[in-house]
file structure.csv (CSV, C-alpha atoms)
chain,number,residue,atom,x,y,z
Q,1,MET,CA,-9.1,16.7,-24.8
Q,2,PHE,CA,-11.0,14.7,-22.1
Q,3,GLU,CA,-8.3,15.3,-19.6
Q,4,LYS,CA,-8.3,19.0,-20.3
Q,5,LEU,CA,-12.0,19.2,-19.8
Q,6,PHE,CA,-12.2,17.3,-16.6
Q,7,GLY,CA,-8.9,18.1,-15.0
Q,8,LYS,CA,-5.9,15.8,-14.7
Q,9,LYS,CA,-6.4,12.1,-14.1
Q,10,LYS,CA,-5.9,11.2,-10.4
Q,11,SER,CA,-2.6,9.5,-9.7
Q,12,SER,CA,-4.3,6.4,-8.3
Q,13,GLU,CA,-6.0,6.0,-11.7
Q,14,VAL,CA,-2.7,6.3,-13.4
Q,15,ALA,CA,-1.2,3.7,-11.1
Q,16,LYS,CA,-4.1,1.3,-11.7
Q,17,ASP,CA,-3.7,1.6,-15.5
Q,18,ARG,CA,0.1,1.2,-15.4
Q,19,LEU,CA,-0.2,-1.8,-13.1
Q,20,LYS,CA,-2.8,-3.5,-15.3
Q,21,LEU,CA,-0.5,-3.2,-18.3
Q,22,VAL,CA,2.6,-4.4,-16.4
Q,23,LEU,CA,0.7,-7.4,-15.1
Q,24,ILE,CA,-0.4,-8.4,-18.6
Q,25,HIS,CA,3.2,-8.8,-19.5
Q,26,ASP,CA,4.3,-10.4,-16.2
Q,27,ARG,CA,1.6,-13.0,-16.4
Q,28,ARG,CA,2.7,-14.3,-19.7
Q,29,LEU,CA,4.0,-17.8,-19.3
Q,30,ILE,CA,6.7,-17.6,-22.0
Q,31,SER,CA,9.2,-15.1,-23.3
Q,32,ASN,CA,9.0,-13.1,-26.5
Q,33,THR,CA,11.7,-15.1,-28.1
Q,34,VAL,CA,9.9,-18.4,-27.5
Q,35,LEU,CA,6.6,-16.8,-28.6
Q,36,ASN,CA,8.1,-15.6,-31.9
Q,37,GLN,CA,9.6,-19.1,-32.5
Q,38,MET,CA,6.2,-20.6,-31.9
Q,39,LYS,CA,4.7,-18.0,-34.3
Q,40,ASP,CA,7.1,-19.0,-37.1
Q,41,GLU,CA,6.4,-22.6,-36.7
Q,42,LEU,CA,2.6,-22.1,-36.6
Q,43,ILE,CA,2.9,-20.1,-39.9
Q,44,GLN,CA,4.8,-22.9,-41.5
Q,45,VAL,CA,2.2,-25.5,-40.4
Q,46,ILE,CA,-0.9,-23.5,-41.3
Q,47,SER,CA,0.6,-22.3,-44.6
Q,48,LYS,CA,0.9,-25.9,-45.7
Q,49,TYR,CA,-2.9,-26.1,-45.9
Q,50,ILE,CA,-4.3,-22.6,-46.4
Q,51,LYS,CA,-3.0,-19.2,-47.5
Q,52,ILE,CA,-2.6,-16.8,-44.7
Q,53,GLU,CA,-1.5,-13.2,-44.1
Q,54,GLN,CA,1.8,-14.1,-42.5
Q,55,GLU,CA,2.5,-10.5,-41.4
Q,56,GLU,CA,-0.7,-10.1,-39.6
Q,57,ILE,CA,-0.8,-13.2,-37.4
Q,58,ASN,CA,-1.3,-12.3,-33.8
Q,59,ILE,CA,-0.7,-14.5,-30.8
Q,60,GLN,CA,-1.5,-13.5,-27.2
Q,61,PHE,CA,-1.9,-15.0,-23.8
Q,62,ASP,CA,-5.0,-14.3,-21.7
Q,63,VAL,CA,-4.8,-15.3,-18.1
Q,64,GLU,CA,-8.0,-15.0,-16.0
Q,65,THR,CA,-7.7,-12.7,-13.0
Q,66,GLU,CA,-10.2,-14.8,-11.0
Q,67,ASN,CA,-8.5,-18.1,-11.6
Q,68,ARG,CA,-4.9,-18.1,-12.6
Q,69,ASN,CA,-5.0,-21.8,-13.4
Q,70,ARG,CA,-7.2,-20.9,-16.3
Q,71,GLY,CA,-6.1,-19.0,-19.4
Q,72,ALA,CA,-6.2,-19.1,-23.2
Q,73,LEU,CA,-3.7,-18.9,-26.0
Q,74,ILE,CA,-5.4,-16.7,-28.5
Q,75,VAL,CA,-4.1,-17.0,-32.1
Q,76,ASN,CA,-5.6,-14.8,-34.8
Q,77,VAL,CA,-4.8,-15.8,-38.3
Q,78,PRO,CA,-6.2,-13.6,-41.1
Q,79,LEU,CA,-6.7,-15.5,-44.4
Q,80,LYS,CA,-5.5,-14.3,-47.7
Q,81,ASN,CA,-7.8,-13.8,-50.7
Q,82,ILE,CA,-10.9,-15.3,-49.3
Q,83,LEU,CA,-13.1,-13.8,-52.0
Q,84,LYS,CA,-11.0,-15.4,-54.7
Q,85,LYS,CA,-11.4,-18.7,-53.1
Q,86,LYS,CA,-15.1,-18.4,-52.9
Q,87,LYS,CA,-15.3,-17.7,-56.6
Q,88,MET,CA,-13.3,-20.8,-57.3
Q,89,ILE,CA,-15.8,-22.9,-55.4
J,1,MET,CA,-3.2,-31.1,14.0
J,2,GLY,CA,-2.6,-27.4,13.4
J,3,LYS,CA,-2.7,-25.2,10.4
J,4,VAL,CA,0.3,-23.7,8.7
J,5,TYR,CA,0.3,-20.3,7.1
J,6,VAL,CA,3.1,-18.7,5.2
J,7,ILE,CA,3.3,-14.9,5.3
J,8,THR,CA,4.8,-13.7,2.1
J,9,SER,CA,5.0,-10.8,-0.3
J,10,GLY,CA,7.8,-11.0,-2.9
J,11,LYS,CA,8.9,-7.4,-2.2
J,12,GLY,CA,10.8,-6.6,0.9
J,13,GLY,CA,9.9,-4.1,3.5
J,14,VAL,CA,6.1,-4.3,3.2
J,15,GLY,CA,5.5,-5.7,6.7
J,16,LYS,CA,5.8,-9.5,6.5
J,17,THR,CA,7.6,-9.8,9.8
J,18,THR,CA,5.5,-7.2,11.6
J,19,THR,CA,2.4,-9.0,10.4
J,20,THR,CA,3.7,-12.4,11.4
J,21,ALA,CA,4.4,-11.1,14.9
J,22,ASN,CA,1.1,-9.4,15.3
J,23,LEU,CA,-1.0,-12.2,14.0
J,24,GLY,CA,0.9,-14.6,16.3
J,25,VAL,CA,0.1,-12.3,19.3
J,26,GLY,CA,-3.5,-12.0,18.1
J,27,LEU,CA,-4.1,-15.7,17.8
J,28,ALA,CA,-2.4,-16.4,21.1
J,29,LYS,CA,-4.6,-13.8,22.8
J,30,LYS,CA,-7.6,-15.6,21.5
J,31,GLY,CA,-6.4,-18.8,23.2
J,32,SER,CA,-4.7,-20.7,20.5
J,33,SER,CA,-1.2,-22.2,20.7
J,34,VAL,CA,1.0,-20.6,18.1
J,35,VAL,CA,4.5,-20.9,16.9
J,36,LEU,CA,6.1,-18.2,14.8
J,37,MET,CA,8.9,-19.6,12.6
J,38,ASP,CA,11.4,-17.2,11.1
J,39,ALA,CA,12.3,-18.6,7.6
J,40,ASP,CA,14.6,-15.7,6.8
J,41,ILE,CA,17.8,-17.5,7.3
J,42,GLY,CA,20.8,-15.2,7.6
J,43,LEU,CA,18.6,-12.1,7.9
J,44,ARG,CA,16.4,-12.9,10.9
J,45,ASN,CA,14.3,-10.2,12.5
J,46,LEU,CA,11.2,-11.8,13.9
J,47,ASP,CA,13.1,-12.1,17.2
J,48,VAL,CA,13.6,-8.4,17.6
J,49,ILE,CA,10.1,-7.5,16.5
J,50,LEU,CA,8.9,-9.7,19.3
J,51,GLY,CA,11.5,-8.5,21.8
J,52,LEU,CA,12.9,-12.0,22.3
J,53,GLU,CA,16.4,-11.5,20.8
J,54,ASN,CA,18.2,-12.0,24.0
J,55,ARG,CA,16.7,-15.4,24.7
J,56,ILE,CA,18.0,-17.2,21.6
J,57,VAL,CA,20.3,-20.2,22.2
J,58,TYR,CA,19.4,-22.6,19.4
J,59,ASN,CA,17.7,-22.0,16.1
J,60,SER,CA,15.8,-23.9,13.4
J,61,MET,CA,19.0,-24.9,11.7
J,62,ASP,CA,20.2,-26.6,14.8
J,63,VAL,CA,16.9,-28.6,14.9
J,64,MET,CA,17.2,-29.5,11.3
J,65,MET,CA,20.8,-30.6,11.7
J,66,GLY,CA,20.0,-32.6,14.8
J,67,THR,CA,22.2,-30.5,17.0
J,68,CYS,CA,19.3,-30.0,19.5
J,69,ARG,CA,15.8,-31.1,20.0
J,70,LEU,CA,12.9,-28.9,18.8
J,71,LYS,CA,11.9,-28.1,22.4
J,72,GLN,CA,15.3,-26.6,23.1
J,73,ALA,CA,15.1,-24.2,20.2
J,74,LEU,CA,11.6,-23.0,20.9
J,75,ILE,CA,11.4,-19.7,22.8
J,76,LYS,CA,8.4,-19.0,24.9
J,77,ASP,CA,7.1,-15.4,24.6
J,78,LYS,CA,7.4,-13.3,27.7
J,79,ARG,CA,3.7,-12.1,27.5
J,80,TYR,CA,1.7,-15.2,26.3
J,81,ASP,CA,2.2,-18.7,27.5
J,82,LYS,CA,1.0,-20.2,24.3
J,83,LEU,CA,3.1,-18.2,21.9
J,84,PHE,CA,6.5,-19.5,20.8
J,85,LEU,CA,9.2,-18.3,18.4
J,86,LEU,CA,11.4,-20.6,16.4
J,87,PRO,CA,14.3,-18.3,15.4
J,88,ALA,CA,16.3,-18.6,12.2
J,89,SER,CA,20.1,-19.1,12.1
J,90,GLN,CA,21.9,-15.9,11.5
J,91,THR,CA,25.2,-17.6,10.5
J,92,ASN,CA,23.8,-19.8,7.8
J,93,ASP,CA,22.8,-19.3,4.2
J,94,LYS,CA,19.4,-19.9,2.7
J,95,MET,CA,21.0,-22.6,0.5
J,96,ASP,CA,21.9,-24.6,3.6
J,97,VAL,CA,18.3,-25.6,4.0
J,98,SER,CA,16.5,-28.0,1.6
J,99,PRO,CA,12.8,-28.2,1.0
J,100,GLU,CA,12.8,-31.7,2.5
J,101,MET,CA,14.4,-30.5,5.8
J,102,MET,CA,11.7,-27.8,6.0
J,103,THR,CA,8.8,-30.1,5.3
J,104,LYS,CA,9.9,-32.4,8.1
J,105,LEU,CA,10.3,-29.6,10.6
J,106,VAL,CA,7.0,-27.9,9.7
J,107,ALA,CA,5.2,-31.3,10.0
J,108,GLU,CA,6.7,-31.6,13.5
J,109,LEU,CA,5.5,-28.1,14.5
J,110,LYS,CA,2.1,-28.7,13.0
J,111,GLU,CA,1.5,-31.6,15.4
J,112,LYS,CA,2.3,-29.5,18.5
J,113,PHE,CA,0.6,-26.2,17.7
J,114,ASP,CA,-2.8,-24.9,16.6
J,115,TYR,CA,-1.1,-22.4,14.3
J,116,VAL,CA,2.3,-22.4,12.6
J,117,LEU,CA,3.0,-19.0,11.0
J,118,ILE,CA,6.1,-18.9,8.8
J,119,ASP,CA,7.7,-15.5,8.1
J,120,CYS,CA,8.9,-15.8,4.5
J,121,PRO,CA,12.0,-14.0,3.3
J,122,ALA,CA,11.7,-11.4,0.5
J,123,GLY,CA,12.4,-12.6,-3.0
J,124,ILE,CA,11.3,-15.7,-5.0
J,125,GLU,CA,14.5,-17.8,-4.7
J,126,GLN,CA,15.5,-20.7,-2.6
J,127,GLY,CA,14.5,-19.0,0.7
J,128,PHE,CA,11.0,-18.5,-0.6
J,129,LYS,CA,10.7,-22.0,-1.9
J,130,ASN,CA,11.8,-23.4,1.4
J,131,ALA,CA,9.3,-21.2,3.3
J,132,ILE,CA,6.3,-22.2,1.3
J,133,VAL,CA,6.9,-25.9,1.0
J,134,GLY,CA,5.2,-27.0,4.2
J,135,ALA,CA,2.4,-24.4,4.3
J,136,ASP,CA,-1.3,-25.2,4.0
J,137,GLU,CA,-2.3,-21.6,3.1
J,138,ALA,CA,-0.7,-18.4,2.3
J,139,LEU,CA,-1.2,-14.8,3.3
J,140,ILE,CA,0.0,-12.2,0.8
J,141,ILE,CA,1.1,-8.8,2.2
J,142,THR,CA,1.1,-5.9,-0.1
J,143,THR,CA,1.1,-2.1,0.3
J,144,PRO,CA,-0.9,0.1,-2.1
J,145,GLU,CA,2.1,0.7,-4.3
J,146,ILE,CA,2.6,-0.5,-7.8
J,147,SER,CA,5.9,-2.1,-7.1
J,148,SER,CA,4.6,-4.1,-4.1
J,149,ILE,CA,1.4,-5.2,-5.9
J,150,ARG,CA,3.4,-6.3,-9.0
J,151,ASP,CA,5.7,-8.4,-6.9
J,152,ALA,CA,2.7,-9.8,-5.0
J,153,ASP,CA,1.2,-10.9,-8.3
J,154,ARG,CA,4.4,-12.7,-9.2
J,155,VAL,CA,4.3,-14.6,-5.9
J,156,ILE,CA,0.6,-15.4,-6.3
J,157,GLY,CA,1.4,-17.0,-9.7
J,158,LEU,CA,4.2,-19.0,-8.1
J,159,LEU,CA,2.0,-20.1,-5.2
J,160,ALA,CA,-0.8,-21.1,-7.6
J,161,ALA,CA,1.6,-23.2,-9.6
J,162,SER,CA,2.9,-24.9,-6.5
J,163,GLU,CA,-0.7,-25.9,-5.6
J,164,MET,CA,-0.9,-23.9,-2.4
J,165,GLY,CA,-4.3,-24.1,-0.6
J,166,GLU,CA,-6.1,-20.9,0.0
J,167,ILE,CA,-4.2,-17.7,-0.8
J,168,LYS,CA,-5.5,-14.6,0.9
J,169,LEU,CA,-4.6,-10.9,0.8
J,170,ILE,CA,-3.7,-8.4,3.5
J,171,VAL,CA,-3.3,-4.8,2.4
J,172,ASN,CA,-0.9,-2.9,4.6
J,173,ARG,CA,-0.1,0.8,5.2
J,174,ILE,CA,-3.3,2.2,3.7
J,175,LYS,CA,-3.6,6.0,4.1
J,176,MET,CA,-7.3,6.8,3.7
J,177,LYS,CA,-6.6,10.5,3.4
J,178,LEU,CA,-4.6,9.8,0.2
J,179,VAL,CA,-7.1,7.2,-1.0
J,180,ASN,CA,-9.9,9.7,-0.7
J,181,GLU,CA,-8.0,12.3,-2.6
J,182,GLY,CA,-7.4,9.8,-5.4
J,183,ASN,CA,-3.7,9.6,-4.8
J,184,MET,CA,-3.5,6.1,-3.4
J,185,LEU,CA,-4.9,2.8,-4.8
J,186,HIS,CA,-8.0,1.7,-3.1
J,187,MET,CA,-8.0,-1.7,-1.5
J,188,ASP,CA,-11.0,-2.7,-3.7
J,189,ASP,CA,-8.9,-2.0,-6.8
J,190,ILE,CA,-6.0,-4.1,-5.4
J,191,VAL,CA,-8.4,-7.0,-4.7
J,192,ASP,CA,-9.8,-6.7,-8.2
J,193,ILE,CA,-6.3,-6.6,-9.8
J,194,LEU,CA,-4.9,-9.5,-7.8
J,195,GLY,CA,-8.1,-11.6,-7.8
J,196,LEU,CA,-7.8,-12.8,-4.2
J,197,ASP,CA,-10.0,-12.7,-1.2
J,198,ILE,CA,-8.9,-10.1,1.4
J,199,VAL,CA,-8.6,-10.9,5.1
J,200,GLY,CA,-7.8,-7.5,6.3
J,201,VAL,CA,-6.6,-3.9,5.8
J,202,ILE,CA,-4.1,-2.3,8.1
J,203,PRO,CA,-3.9,1.5,8.2
J,204,ASP,CA,-0.6,3.2,8.1
J,205,ASP,CA,0.2,3.9,11.7
J,206,GLU,CA,3.1,5.6,13.5
J,207,GLU,CA,2.5,3.4,16.5
J,208,ILE,CA,4.2,0.6,14.5
J,209,VAL,CA,7.5,2.5,14.7
J,210,ILE,CA,7.2,2.9,18.5
J,211,SER,CA,6.2,-0.7,19.0
J,212,THR,CA,9.1,-2.0,16.9
J,213,ASN,CA,11.5,0.2,18.9
J,214,LYS,CA,10.2,-1.4,22.1
J,215,GLY,CA,9.9,-5.0,20.8
J,216,GLU,CA,6.2,-5.1,21.7
J,217,PRO,CA,3.8,-5.8,18.8
J,218,VAL,CA,0.9,-3.3,18.5
J,219,SER,CA,-1.6,-6.1,18.9
J,220,VAL,CA,-0.4,-6.7,22.5
J,221,LYS,CA,-2.4,-3.6,23.7
J,222,ALA,CA,-4.4,-3.3,20.5
J,223,MET,CA,-5.2,0.3,21.3
J,224,SER,CA,-3.9,1.8,18.0
J,225,PRO,CA,-5.7,1.5,14.6
J,226,SER,CA,-3.1,-1.0,13.4
J,227,GLY,CA,-3.3,-3.1,16.5
J,228,LYS,CA,-7.1,-3.3,16.2
J,229,ALA,CA,-6.8,-4.2,12.5
J,230,TYR,CA,-4.4,-7.0,13.4
J,231,MET,CA,-6.7,-8.3,16.1
J,232,ASN,CA,-9.5,-8.4,13.5
J,233,ILE,CA,-7.4,-10.4,11.1
J,234,ALA,CA,-6.5,-12.8,13.8
J,235,GLY,CA,-10.2,-13.2,14.6
J,236,ARG,CA,-11.1,-13.8,11.0
J,237,ILE,CA,-8.3,-16.4,10.7
J,238,SER,CA,-9.7,-18.3,13.7
J,239,GLY,CA,-13.1,-18.4,12.2
J,240,GLU,CA,-14.9,-15.4,13.7
J,241,ASP,CA,-17.2,-13.4,11.5
J,242,ILE,CA,-15.8,-9.9,11.9
J,243,PRO,CA,-17.2,-7.2,9.5
J,244,PHE,CA,-14.7,-5.0,7.7
J,245,LEU,CA,-14.5,-1.7,9.4
J,246,ASN,CA,-15.2,1.2,7.2
J,247,ILE,CA,-11.8,2.8,7.6
J,248,ASP,CA,-12.9,5.7,5.5
J,249,GLU,CA,-15.5,7.0,8.0
J,250,LYS,CA,-13.7,5.9,11.1
J,251,ILE,CA,-10.5,7.8,10.3
J,252,SER,CA,-12.2,10.9,8.8
J,253,LEU,CA,-14.4,11.1,11.8
J,254,ALA,CA,-11.5,10.7,14.2
J,255,SER,CA,-9.5,13.3,12.4
J,256,LYS,CA,-12.4,15.7,12.3
J,257,PHE,CA,-12.6,15.5,16.1
J,258,LYS,CA,-8.9,16.0,16.3
J,259,ASN,CA,-9.0,19.0,14.1
J,260,PHE,CA,-11.9,20.4,16.1
J,261,PHE,CA,-10.1,20.1,19.4
J,262,SER,CA,-6.7,21.2,18.2
J,263,ARG,CA,-8.1,24.5,16.9
call {"tool": "encode", "arguments": {"input": "structure.csv", "output": "structure tokens"}}
result
Amino acid sequence: MFEKLFGKKKSSEVAKDRLKLVLIHDRRLISNTVLNQMKDELIQVISKYIKIEQEEINIQFDVETENRNRGALIVNVPLKNILKKKKMI
Amino acid sequence: MGKVYVITSGKGGVGKTTTTANLGVGLAKKGSSVVLMDADIGLRNLDVILGLENRIVYNSMDVMMGTCRLKQALIKDKRYDKLFLLPASQTNDKMDVSPEMMTKLVAELKEKFDYVLIDCPAGIEQGFKNAIVGADEALIITTPEISSIRDADRVIGLLAASEMGEIKLIVNRIKMKLVNEGNMLHMDDIVDILGLDIVGVIPDDEEIVISTNKGEPVSVKAMSPSGKAYMNIAGRISGEDIPFLNIDEKISLASKFKNFFSR
């Protein structure tokens, strides 16, 4: 819709967007296999203490563009039945 | 004690060797003593870009193996007294050199010259590792293409992990006409994406083809746009404060004149 209104996206814009996506993958420090393995182990450990939505756990690497020595491993773990727990307390 | 730069890119064919030769000429013209070391063992080309291919007797491999002394392998440029080439062996393999051998050789060169410029081979394998081991700083060459920028990013990651000093960017083969039409990545975008400081932008220039044919780097006469751009980078490296030319205006103005007169 947007593109139809304002004409086609310039090819340099397309290149920029594609490049950014490719680099997000390239800059990851470990492979998908290892990442999944880590995910499984994390699920095991966390599940010992709290109930979590195992299917919705999300792990990602975030490497800073300005300083590649800095980055973060971001793990998002949705909890299961939080309301129920609250009632119990 | 001199300073050692490695000129690298990851991707092949983006202008590492041409840049090494031209920066060498530029720094020598500014009065510094410079040695250009070809680290592309088995696929050397810095000698032909400089037009010194007929003078090679010994190479860096001979020095590292102790077959000859460093002085015997260094080739003095025919144009500048303070510019030297240390050619690579064409009959050896990149695996024949170890990082330890390179470190030792580079340390020796560093004592004798103001600048040591190392022309790195393409790729990120042994040849690359050998080329960066003795360097204080790195210059990354990229063209405004996705493939080249992506490879540059890989190399930057590897250099950062190897604790390289400063890493700076040179964008090569910019065509401002395409950039202005929105069909080529702008250097500012490349700087943003790679997150490095830029030391120079080199316009795409047919003069490079002619100069390569002749074995005379464009910065020798420095009349062409690329030759001027290389001289500016050499200036910035040697500490001069040279503002970035607005290539946009310069080229569009020049081409306007051209168009006007060719009508």
call {"tool": "atom_distance", "arguments": {"input": "structure.csv", "atom1": "CA of Ile193 in chain J", "atom2": "CA of Thr33 in chain Q"}}
result
27.0 Å
call {"tool": "residues_around", "arguments": {"input": "structure.csv", "residues": "Leu73 in chain Q", "least_positions_apart": "2", "cutoff": "12 Å", "atoms": "only C-alpha atoms", "output": "PyMOL selection string"}}
result
chain Q and resi 28-30+35+38-39+58-64+70-71+75-76
call {"tool": "interface_residues", "arguments": {"input": "structure.csv", "of": "chain J", "to": "chain Q", "cutoff": "9 Å", "atoms": "all atoms listed in the file", "output": "short mmCIF file (atom, residue, chain, number, x, y, z; two decimals) with C-alpha atoms, in the coordinates of the input"}}
result
data_model
loop_
_atom_site.label_atom_id
_atom_site.label_comp_id
_atom_site.auth_asym_id
_atom_site.auth_seq_id
_atom_site.Cartn_x
_atom_site.Cartn_y
_atom_site.Cartn_z
CA GLU J 145 2.10 0.70 -4.30
CA ILE J 146 2.60 -0.50 -7.80
CA SER J 147 5.90 -2.10 -7.10
CA ILE J 149 1.40 -5.20 -5.90
CA ARG J 150 3.40 -6.30 -9.00
CA ASP J 153 1.20 -10.90 -8.30
CA ARG J 154 4.40 -12.70 -9.20
CA ILE J 156 0.60 -15.40 -6.30
CA GLY J 157 1.40 -17.00 -9.70
CA ALA J 160 -0.80 -21.10 -7.60
CA ALA J 161 1.60 -23.20 -9.60
CA VAL J 179 -7.10 7.20 -1.00
CA GLU J 181 -8.00 12.30 -2.60
CA GLY J 182 -7.40 9.80 -5.40
CA ASN J 183 -3.70 9.60 -4.80
CA MET J 184 -3.50 6.10 -3.40
CA LEU J 185 -4.90 2.80 -4.80
CA HIS J 186 -8.00 1.70 -3.10
CA ASP J 189 -8.90 -2.00 -6.80
CA ILE J 190 -6.00 -4.10 -5.40
CA ASP J 192 -9.80 -6.70 -8.20
CA ILE J 193 -6.30 -6.60 -9.80
CA LEU J 194 -4.90 -9.50 -7.80
CA GLY J 195 -8.10 -11.60 -7.80
CA LEU J 196 -7.80 -12.80 -4.20
#
call {"tool": "residues_around", "arguments": {"input": "structure.csv", "residues": "range 227-236 of chain J", "least_positions_apart": "5", "cutoff": "9 Å", "atoms": "all atoms listed in the file", "output": "list in words"}}
result
Thr19, Asn22, Leu23, Gly24, Val25, Gly26, Leu27, Lys29, Lys30, Ile170, Val199, Gly200, Val201, Ile202, Pro203, Glu207, Ile208, Pro217, Val218, Ser219, Val220, Lys221, Ala222, Asp241, Ile242, Pro243, Phe244 and Leu245 of chain J
call {"tool": "write_last_selection", "arguments": {"input": "structure.csv", "atoms": "C-alpha atoms", "output": "tab-separated table (two decimals), keeping the file's coordinate frame"}}
result
chain	number	residue	atom	x	y	z
J	19	THR	CA	2.40	-9.00	10.40
J	22	ASN	CA	1.10	-9.40	15.30
J	23	LEU	CA	-1.00	-12.20	14.00
J	24	GLY	CA	0.90	-14.60	16.30
J	25	VAL	CA	0.10	-12.30	19.30
J	26	GLY	CA	-3.50	-12.00	18.10
J	27	LEU	CA	-4.10	-15.70	17.80
J	29	LYS	CA	-4.60	-13.80	22.80
J	30	LYS	CA	-7.60	-15.60	21.50
J	170	ILE	CA	-3.70	-8.40	3.50
J	199	VAL	CA	-8.60	-10.90	5.10
J	200	GLY	CA	-7.80	-7.50	6.30
J	201	VAL	CA	-6.60	-3.90	5.80
J	202	ILE	CA	-4.10	-2.30	8.10
J	203	PRO	CA	-3.90	1.50	8.20
J	207	GLU	CA	2.50	3.40	16.50
J	208	ILE	CA	4.20	0.60	14.50
J	217	PRO	CA	3.80	-5.80	18.80
J	218	VAL	CA	0.90	-3.30	18.50
J	219	SER	CA	-1.60	-6.10	18.90
J	220	VAL	CA	-0.40	-6.70	22.50
J	221	LYS	CA	-2.40	-3.60	23.70
J	222	ALA	CA	-4.40	-3.30	20.50
J	241	ASP	CA	-17.20	-13.40	11.50
J	242	ILE	CA	-15.80	-9.90	11.90
J	243	PRO	CA	-17.20	-7.20	9.50
J	244	PHE	CA	-14.70	-5.00	7.70
J	245	LEU	CA	-14.50	-1.70	9.40
call {"tool": "atom_distance", "arguments": {"input": "structure.csv", "atom1": "CA of Ile43 in chain Q", "atom2": "CA of Ile74 in chain Q"}}
result
14.5 Å
call {"tool": "atom_distance", "arguments": {"input": "structure.csv", "atom1": "CA of Pro225 in chain J", "atom2": "CA of Thr212 in chain J"}}
result
15.4 Å
call {"tool": "closest_residue", "arguments": {"input": "structure.csv", "among": "Q:Lys8, Q:Asp17, Q:Leu79, Q:Val34", "to": "Glu55 in chain Q", "atoms": "only C-alpha atoms"}}
result
Q:Leu79
call {"tool": "residues_around", "arguments": {"input": "structure.csv", "residues": "range 33-38 of chain J", "least_positions_apart": "4", "cutoff": "8 Å", "atoms": "all atoms listed in the file", "output": "PyMOL selection string"}}
result
chain J and resi 20-21+24+27-28+44-46+82-88+109+113-120
call {"tool": "residues_around", "arguments": {"input": "structure.csv", "residues": "Met65 in chain J", "least_positions_apart": "3", "cutoff": "12 Å", "atoms": "only C-alpha atoms", "output": "ChimeraX atom specification"}}
result
/J:58-62,68-70,89,92,96-98,101-102,104-105
call {"tool": "decode", "arguments": {"input": "structure.csv", "residues": "range 147-151 of chain J", "atoms": "all heavy atoms", "output": "PDB file, in the first residue's frame"}}
result
ATOM      1  N   SER J 147      27.675  -7.538  -0.660  1.00  0.00           N
ATOM      2  CA  SER J 147      28.600  -8.655  -0.452  1.00  0.00           C
ATOM      3  C   SER J 147      29.897  -8.176   0.192  1.00  0.00           C
ATOM      4  O   SER J 147      30.436  -8.813   1.101  1.00  0.00           O
ATOM      5  CB  SER J 147      28.892  -9.354  -1.777  1.00  0.00           C
ATOM      6  OG  SER J 147      29.233  -8.400  -2.750  1.00  0.00           O
ATOM      7  N   SER J 148      30.382  -7.063  -0.279  1.00  0.00           N
ATOM      8  CA  SER J 148      31.645  -6.541   0.229  1.00  0.00           C
ATOM      9  C   SER J 148      31.505  -6.009   1.664  1.00  0.00           C
ATOM     10  O   SER J 148      32.371  -6.218   2.513  1.00  0.00           O
ATOM     11  CB  SER J 148      32.117  -5.451  -0.735  1.00  0.00           C
ATOM     12  OG  SER J 148      32.981  -4.567  -0.116  1.00  0.00           O
ATOM     13  N   ILE J 149      30.375  -5.354   1.942  1.00  0.00           N
ATOM     14  CA  ILE J 149      30.142  -4.809   3.291  1.00  0.00           C
ATOM     15  C   ILE J 149      29.953  -5.945   4.292  1.00  0.00           C
ATOM     16  O   ILE J 149      30.454  -5.910   5.407  1.00  0.00           O
ATOM     17  CB  ILE J 149      28.906  -3.874   3.291  1.00  0.00           C
ATOM     18  CG1 ILE J 149      29.135  -2.709   2.340  1.00  0.00           C
ATOM     19  CG2 ILE J 149      28.635  -3.356   4.703  1.00  0.00           C
ATOM     20  CD1 ILE J 149      27.899  -1.902   2.058  1.00  0.00           C
ATOM     21  N   ARG J 150      29.250  -6.977   3.849  1.00  0.00           N
ATOM     22  CA  ARG J 150      29.038  -8.122   4.736  1.00  0.00           C
ATOM     23  C   ARG J 150      30.368  -8.767   5.124  1.00  0.00           C
ATOM     24  O   ARG J 150      30.626  -9.061   6.287  1.00  0.00           O
ATOM     25  CB  ARG J 150      28.161  -9.145   4.019  1.00  0.00           C
ATOM     26  CG  ARG J 150      27.875 -10.319   4.892  1.00  0.00           C
ATOM     27  CD  ARG J 150      27.351 -11.462   4.094  1.00  0.00           C
ATOM     28  NE  ARG J 150      26.690 -12.420   4.972  1.00  0.00           N
ATOM     29  CZ  ARG J 150      26.087 -13.497   4.543  1.00  0.00           C
ATOM     30  NH1 ARG J 150      26.041 -13.772   3.260  1.00  0.00           N
ATOM     31  NH2 ARG J 150      25.536 -14.323   5.391  1.00  0.00           N
ATOM     32  N   ASP J 151      31.225  -8.967   4.115  1.00  0.00           N
ATOM     33  CA  ASP J 151      32.526  -9.575   4.394  1.00  0.00           C
ATOM     34  C   ASP J 151      33.382  -8.668   5.272  1.00  0.00           C
ATOM     35  O   ASP J 151      34.113  -9.146   6.145  1.00  0.00           O
ATOM     36  CB  ASP J 151      33.259  -9.897   3.086  1.00  0.00           C
ATOM     37  CG  ASP J 151      32.582 -11.037   2.335  1.00  0.00           C
ATOM     38  OD1 ASP J 151      31.556 -11.536   2.830  1.00  0.00           O
ATOM     39  OD2 ASP J 151      33.070 -11.425   1.261  1.00  0.00           O
TER      40      ASP J 151
END
